[in-house]
file query_28.cif (mmCIF, C-alpha atoms; chains and numbers go by the auth columns)
data_my_file
#
loop_
_atom_site.group_PDB
_atom_site.id
_atom_site.type_symbol
_atom_site.label_atom_id
_atom_site.label_comp_id
_atom_site.label_asym_id
_atom_site.label_seq_id
_atom_site.Cartn_x
_atom_site.Cartn_y
_atom_site.Cartn_z
_atom_site.B_iso_or_equiv
_atom_site.auth_seq_id
_atom_site.auth_asym_id
ATOM 1 C CA MET A 1 66.407 168.390 106.639 0.00 3 A
ATOM 2 C CA ASN A 2 66.359 164.706 105.705 0.00 4 A
ATOM 3 C CA ARG A 3 66.054 163.782 109.392 0.00 5 A
ATOM 4 C CA LEU A 4 63.018 166.036 109.812 0.00 6 A
ATOM 5 C CA VAL A 5 61.035 164.592 106.895 0.00 7 A
ATOM 6 C CA PRO A 6 58.392 162.382 108.543 0.00 8 A
ATOM 7 C CA ALA A 7 58.139 159.871 105.681 0.00 9 A
ATOM 8 C CA ILE A 8 59.865 156.521 105.493 0.00 10 A
ATOM 9 C CA GLU A 9 61.128 157.570 102.083 0.00 11 A
ATOM 10 C CA ASN A 10 62.263 161.120 101.403 0.00 12 A
ATOM 11 C CA PRO A 11 60.034 162.453 98.585 0.00 13 A
ATOM 12 C CA HIS A 12 62.771 164.876 97.504 0.00 14 A
ATOM 13 C CA ASP A 13 65.373 162.230 96.709 0.00 15 A
ATOM 14 C CA ALA A 14 66.097 161.884 93.001 0.00 16 A
ATOM 15 C CA ARG A 15 64.894 158.582 91.540 0.00 17 A
ATOM 16 C CA HIS A 16 64.591 157.003 88.130 0.00 18 A
ATOM 17 C CA ILE A 17 61.044 157.068 86.780 0.00 19 A
ATOM 18 C CA GLU A 18 60.944 153.266 86.839 0.00 20 A
ATOM 19 C CA GLN A 19 61.466 153.396 90.625 0.00 21 A
ATOM 20 C CA MET A 20 58.437 155.625 91.177 0.00 22 A
ATOM 21 C CA SER A 21 55.914 152.784 90.834 0.00 23 A
ATOM 22 C CA PRO A 22 56.079 149.640 92.965 0.00 24 A
ATOM 23 C CA ASP A 23 55.228 147.522 89.909 0.00 25 A
ATOM 24 C CA PRO A 24 56.668 148.743 86.587 0.00 26 A
ATOM 25 C CA ASN A 25 53.861 146.903 84.744 0.00 27 A
ATOM 26 C CA LEU A 26 51.184 148.954 86.526 0.00 28 A
ATOM 27 C CA MET A 27 52.617 152.327 85.576 0.00 29 A
ATOM 28 C CA PRO A 28 54.583 152.430 82.344 0.00 30 A
ATOM 29 C CA CYS A 29 57.249 155.061 81.902 0.00 31 A
ATOM 30 C CA ASN A 30 55.615 158.331 80.817 0.00 32 A
ATOM 31 C CA HIS A 31 57.951 159.330 77.997 0.00 33 A
ATOM 32 C CA ASP A 32 55.747 162.271 76.968 0.00 34 A
ATOM 33 C CA LYS A 33 56.122 163.821 80.400 0.00 35 A
ATOM 34 C CA LEU A 34 59.880 163.245 80.357 0.00 36 A
ATOM 35 C CA MET A 35 60.137 164.844 76.899 0.00 37 A
ATOM 36 C CA ARG A 36 58.110 167.823 78.128 0.00 38 A
ATOM 37 C CA ILE A 37 60.366 168.254 81.156 0.00 39 A
ATOM 38 C CA GLY A 38 63.447 167.973 78.932 0.00 40 A
ATOM 39 C CA PHE A 39 62.068 170.507 76.464 0.00 41 A
ATOM 40 C CA MET A 40 61.079 172.948 79.214 0.00 42 A
ATOM 41 C CA SER A 41 64.534 172.607 80.808 0.00 43 A
ATOM 42 C CA ALA A 42 66.235 173.284 77.471 0.00 44 A
ATOM 43 C CA LEU A 43 63.963 176.282 76.910 0.00 45 A
ATOM 44 C CA ALA A 44 64.730 177.654 80.389 0.00 46 A
ATOM 45 C CA ILE A 45 68.470 177.310 79.764 0.00 47 A
ATOM 46 C CA ALA A 46 68.147 179.047 76.390 0.00 48 A
ATOM 47 C CA ILE A 47 66.121 181.903 77.897 0.00 49 A
ATOM 48 C CA HIS A 48 68.584 182.302 80.765 0.00 50 A
ATOM 49 C CA ASN A 49 71.373 182.804 78.235 0.00 51 A
ATOM 50 C CA ILE A 50 69.787 186.058 77.005 0.00 52 A
ATOM 51 C CA PRO A 51 70.409 188.066 80.210 0.00 53 A
ATOM 52 C CA GLU A 52 73.756 186.305 80.577 0.00 54 A
ATOM 53 C CA SER A 53 74.802 187.614 77.154 0.00 55 A
ATOM 54 C CA ILE A 54 73.547 191.080 78.049 0.00 56 A
ATOM 55 C CA ALA A 55 75.544 190.940 81.289 0.00 57 A
ATOM 56 C CA VAL A 56 78.681 190.278 79.237 0.00 58 A
ATOM 57 C CA ALA A 57 77.922 192.744 76.441 0.00 59 A
ATOM 58 C CA ILE A 58 77.034 195.861 78.424 0.00 60 A
ATOM 59 C CA PRO A 59 80.289 196.185 80.415 0.00 61 A
ATOM 60 C CA VAL A 60 82.392 195.424 77.322 0.00 62 A
ATOM 61 C CA TYR A 61 80.537 198.039 75.280 0.00 63 A
ATOM 62 C CA CYS A 62 80.763 200.625 78.072 0.00 64 A
ATOM 63 C CA ALA A 63 84.502 200.017 78.373 0.00 65 A
ATOM 64 C CA THR A 64 85.351 199.926 74.668 0.00 66 A
ATOM 65 C CA ARG A 65 82.469 201.690 72.858 0.00 67 A
ATOM 66 C CA SER A 66 83.102 199.163 70.102 0.00 68 A
ATOM 67 C CA SER A 67 80.219 197.074 68.747 0.00 69 A
ATOM 68 C CA ARG A 68 82.657 194.658 67.116 0.00 70 A
ATOM 69 C CA LYS A 69 84.565 193.984 70.333 0.00 71 A
ATOM 70 C CA THR A 70 81.293 193.652 72.206 0.00 72 A
ATOM 71 C CA PHE A 71 79.981 191.108 69.710 0.00 73 A
ATOM 72 C CA ARG A 72 83.284 189.198 69.657 0.00 74 A
ATOM 73 C CA TRP A 73 83.558 188.924 73.458 0.00 75 A
ATOM 74 C CA SER A 74 79.885 188.004 73.834 0.00 76 A
ATOM 75 C CA PHE A 75 80.267 185.366 71.130 0.00 77 A
ATOM 76 C CA PHE A 76 83.351 183.831 72.787 0.00 78 A
ATOM 77 C CA SER A 77 81.594 183.919 76.146 0.00 79 A
ATOM 78 C CA GLY A 78 78.682 182.005 74.632 0.00 80 A
ATOM 79 C CA LEU A 79 81.003 179.370 73.155 0.00 81 A
ATOM 80 C CA ALA A 80 82.472 178.559 76.565 0.00 82 A
ATOM 81 C CA GLU A 81 79.459 176.528 77.733 0.00 83 A
ATOM 82 C CA PRO A 82 79.083 174.054 74.840 0.00 84 A
ATOM 83 C CA LEU A 83 82.849 173.644 74.527 0.00 85 A
ATOM 84 C CA ASP A 84 83.127 172.956 78.260 0.00 86 A
ATOM 85 C CA ALA A 85 80.231 170.491 78.063 0.00 87 A
ATOM 86 C CA VAL A 86 81.946 168.452 75.339 0.00 88 A
ATOM 87 C CA ILE A 87 85.334 168.453 77.100 0.00 89 A
ATOM 88 C CA SER A 88 83.768 167.587 80.465 0.00 90 A
ATOM 89 C CA TYR A 89 81.747 164.761 78.938 0.00 91 A
ATOM 90 C CA LEU A 90 84.809 163.260 77.249 0.00 92 A
ATOM 91 C CA ILE A 91 86.819 163.395 80.486 0.00 93 A
ATOM 92 C CA LEU A 92 84.074 162.329 82.899 0.00 94 A
ATOM 93 C CA MET A 93 82.228 159.789 80.710 0.00 95 A
ATOM 94 C CA PRO A 94 83.781 156.732 82.445 0.00 96 A
ATOM 95 C CA PHE A 95 82.833 158.099 85.876 0.00 97 A
ATOM 96 C CA LEU A 96 79.267 159.278 85.208 0.00 98 A
ATOM 97 C CA ASN A 97 76.652 157.773 87.497 0.00 99 A
ATOM 98 C CA ASN A 98 73.968 159.109 89.826 0.00 100 A
ATOM 99 C CA LEU A 99 76.453 159.917 92.604 0.00 101 A
ATOM 100 C CA THR A 100 78.879 161.884 90.432 0.00 102 A
ATOM 101 C CA MET A 101 76.002 163.740 88.742 0.00 103 A
ATOM 102 C CA GLY A 102 74.594 164.668 92.157 0.00 104 A
ATOM 103 C CA ILE A 103 78.004 165.865 93.341 0.00 105 A
ATOM 104 C CA MET A 104 78.471 167.971 90.194 0.00 106 A
ATOM 105 C CA PHE A 105 74.992 169.524 90.576 0.00 107 A
ATOM 106 C CA VAL A 106 75.697 170.399 94.220 0.00 108 A
ATOM 107 C CA ILE A 107 79.054 171.955 93.377 0.00 109 A
ATOM 108 C CA THR A 108 77.554 173.937 90.485 0.00 110 A
ATOM 109 C CA ALA A 109 74.641 175.177 92.598 0.00 111 A
ATOM 110 C CA GLY A 110 77.011 176.174 95.393 0.00 112 A
ATOM 111 C CA ILE A 111 79.238 178.115 93.010 0.00 113 A
ATOM 112 C CA MET A 112 76.264 179.930 91.480 0.00 114 A
ATOM 113 C CA ILE A 113 74.837 180.842 94.891 0.00 115 A
ATOM 114 C CA PHE A 114 78.241 182.023 96.098 0.00 116 A
ATOM 115 C CA ILE A 115 78.791 184.197 93.020 0.00 117 A
ATOM 116 C CA SER A 116 75.294 185.653 93.293 0.00 118 A
ATOM 117 C CA LEU A 117 75.532 186.507 96.969 0.00 119 A
ATOM 118 C CA ASP A 118 79.215 187.416 97.192 0.00 120 A
ATOM 119 C CA GLU A 119 79.765 189.259 93.913 0.00 121 A
ATOM 120 C CA LEU A 120 76.592 190.200 92.067 0.00 122 A
ATOM 121 C CA LEU A 121 74.424 191.353 94.961 0.00 123 A
ATOM 122 C CA PRO A 122 77.031 193.717 96.479 0.00 124 A
ATOM 123 C CA THR A 123 77.784 195.129 93.026 0.00 125 A
ATOM 124 C CA ALA A 124 74.079 195.709 92.415 0.00 126 A
ATOM 125 C CA HIS A 125 73.879 197.484 95.771 0.00 127 A
ATOM 126 C CA GLU A 126 76.833 199.684 94.892 0.00 128 A
ATOM 127 C CA TYR A 127 75.826 200.676 91.373 0.00 129 A
ATOM 128 C CA GLY A 128 72.056 200.313 91.378 0.00 130 A
ATOM 129 C CA SER A 129 69.034 200.304 93.603 0.00 131 A
ATOM 130 C CA PRO A 130 69.664 198.105 96.668 0.00 132 A
ATOM 131 C CA HIS A 131 65.997 197.247 97.059 0.00 133 A
ATOM 132 C CA LEU A 132 65.606 196.350 93.404 0.00 134 A
ATOM 133 C CA ALA A 133 68.537 193.922 93.677 0.00 135 A
ATOM 134 C CA ILE A 134 66.953 192.185 96.689 0.00 136 A
ATOM 135 C CA PHE A 135 63.558 192.062 94.947 0.00 137 A
ATOM 136 C CA GLY A 136 65.261 190.522 91.909 0.00 138 A
ATOM 137 C CA LEU A 137 66.982 187.907 94.063 0.00 139 A
ATOM 138 C CA ILE A 138 63.780 186.960 95.878 0.00 140 A
ATOM 139 C CA GLY A 139 61.767 187.080 92.641 0.00 141 A
ATOM 140 C CA GLY A 140 64.234 184.764 90.943 0.00 142 A
ATOM 141 C CA MET A 141 64.024 182.331 93.853 0.00 143 A
ATOM 142 C CA MET A 142 60.222 182.411 93.672 0.00 144 A
ATOM 143 C CA ILE A 143 60.227 181.803 89.907 0.00 145 A
ATOM 144 C CA MET A 144 62.595 178.850 90.340 0.00 146 A
ATOM 145 C CA ALA A 145 60.467 177.376 93.157 0.00 147 A
ATOM 146 C CA ILE A 146 57.268 177.741 91.135 0.00 148 A
ATOM 147 C CA SER A 147 58.848 176.290 87.997 0.00 149 A
ATOM 148 C CA LEU A 148 60.098 173.290 89.978 0.00 150 A
ATOM 149 C CA GLN A 149 56.577 172.670 91.235 0.00 151 A
ATOM 150 C CA LEU A 150 54.925 173.117 87.819 0.00 152 A
ATOM 151 C CA PHE A 151 57.369 171.180 85.689 0.00 153 A
#

call {"tool": "encode", "arguments": {"input": "query_28.cif", "output": "structure tokens"}}
result
Amino acid sequence: MNRLVPAIENPHDARHIEQMSPDPNLMPCNHDKLMRIGFMSALAIAIHNIPESIAVAIPVYCATRSSRKTFRWSFFSGLAEPLDAVISYLILMPFLNNLTMGIMFVITAGIMIFISLDELLPTAHEYGSPHLAIFGLIGGMMIMAISLQLF
């Protein structure tokens, strides 16, 4: 795709905000916009955790019929992300730069796409409405594309 982009500079490459203006004195860093993007990203992550928790809780409750076990397993599942973030940061802190962050984002996105297409979609076809699963997949892609354009 990069070879097909007709610009001298690929507009989709990640850059620091200071690199977006030819003269940093002409366009100061817009910290308000960066804070808004950071807040909206944090909000999106928090909202995405709600269906993730439901996806953990429902199978556990159906298997055990125990509210306590369901709460316990959902709670431990929720602790995995912040604990992993702290451990990963402590291990990777000396190596963090734009290249390693890009590599980690690509790996994470690839894993999520693989899990969605290889595990979740076939399971949704088997136990639910096949068309609803496809509509959900396409709808989620559309929401992500629109949110990337808006924010």

call {"tool": "atom_distance", "arguments": {"input": "query_28.cif", "atom1": "CA of Ala135 (chain A)", "atom2": "CA of Ser55 (chain A)"}}
result
18.8 Å

call {"tool": "closest_residue", "arguments": {"input": "query_28.cif", "among": "A:Leu98, A:Phe78, A:Leu119, A:Met42", "to": "Leu150 (chain A)", "atoms": "all atoms listed in the file"}}
result
A:Met42

call {"tool": "residues_around", "arguments": {"input": "query_28.cif", "residues": "region 45-47 of chain A", "least_positions_apart": "4", "cutoff": "12 Å", "atoms": "all atoms listed in the file", "output": "PyMOL selection string"}}
result
chain A and resi 38-41+51-54+83+145-146+149-150+153

call {"tool": "atom_distance", "arguments": {"input": "query_28.cif", "atom1": "CA of Asp120 (chain A)", "atom2": "CA of Ile56 (chain A)"}}
result
20.3 Å

call {"tool": "atom_distance", "arguments": {"input": "query_28.cif", "atom1": "CA of Ile105 (chain A)", "atom2": "CA of Asp86 (chain A)"}}
result
17.4 Å
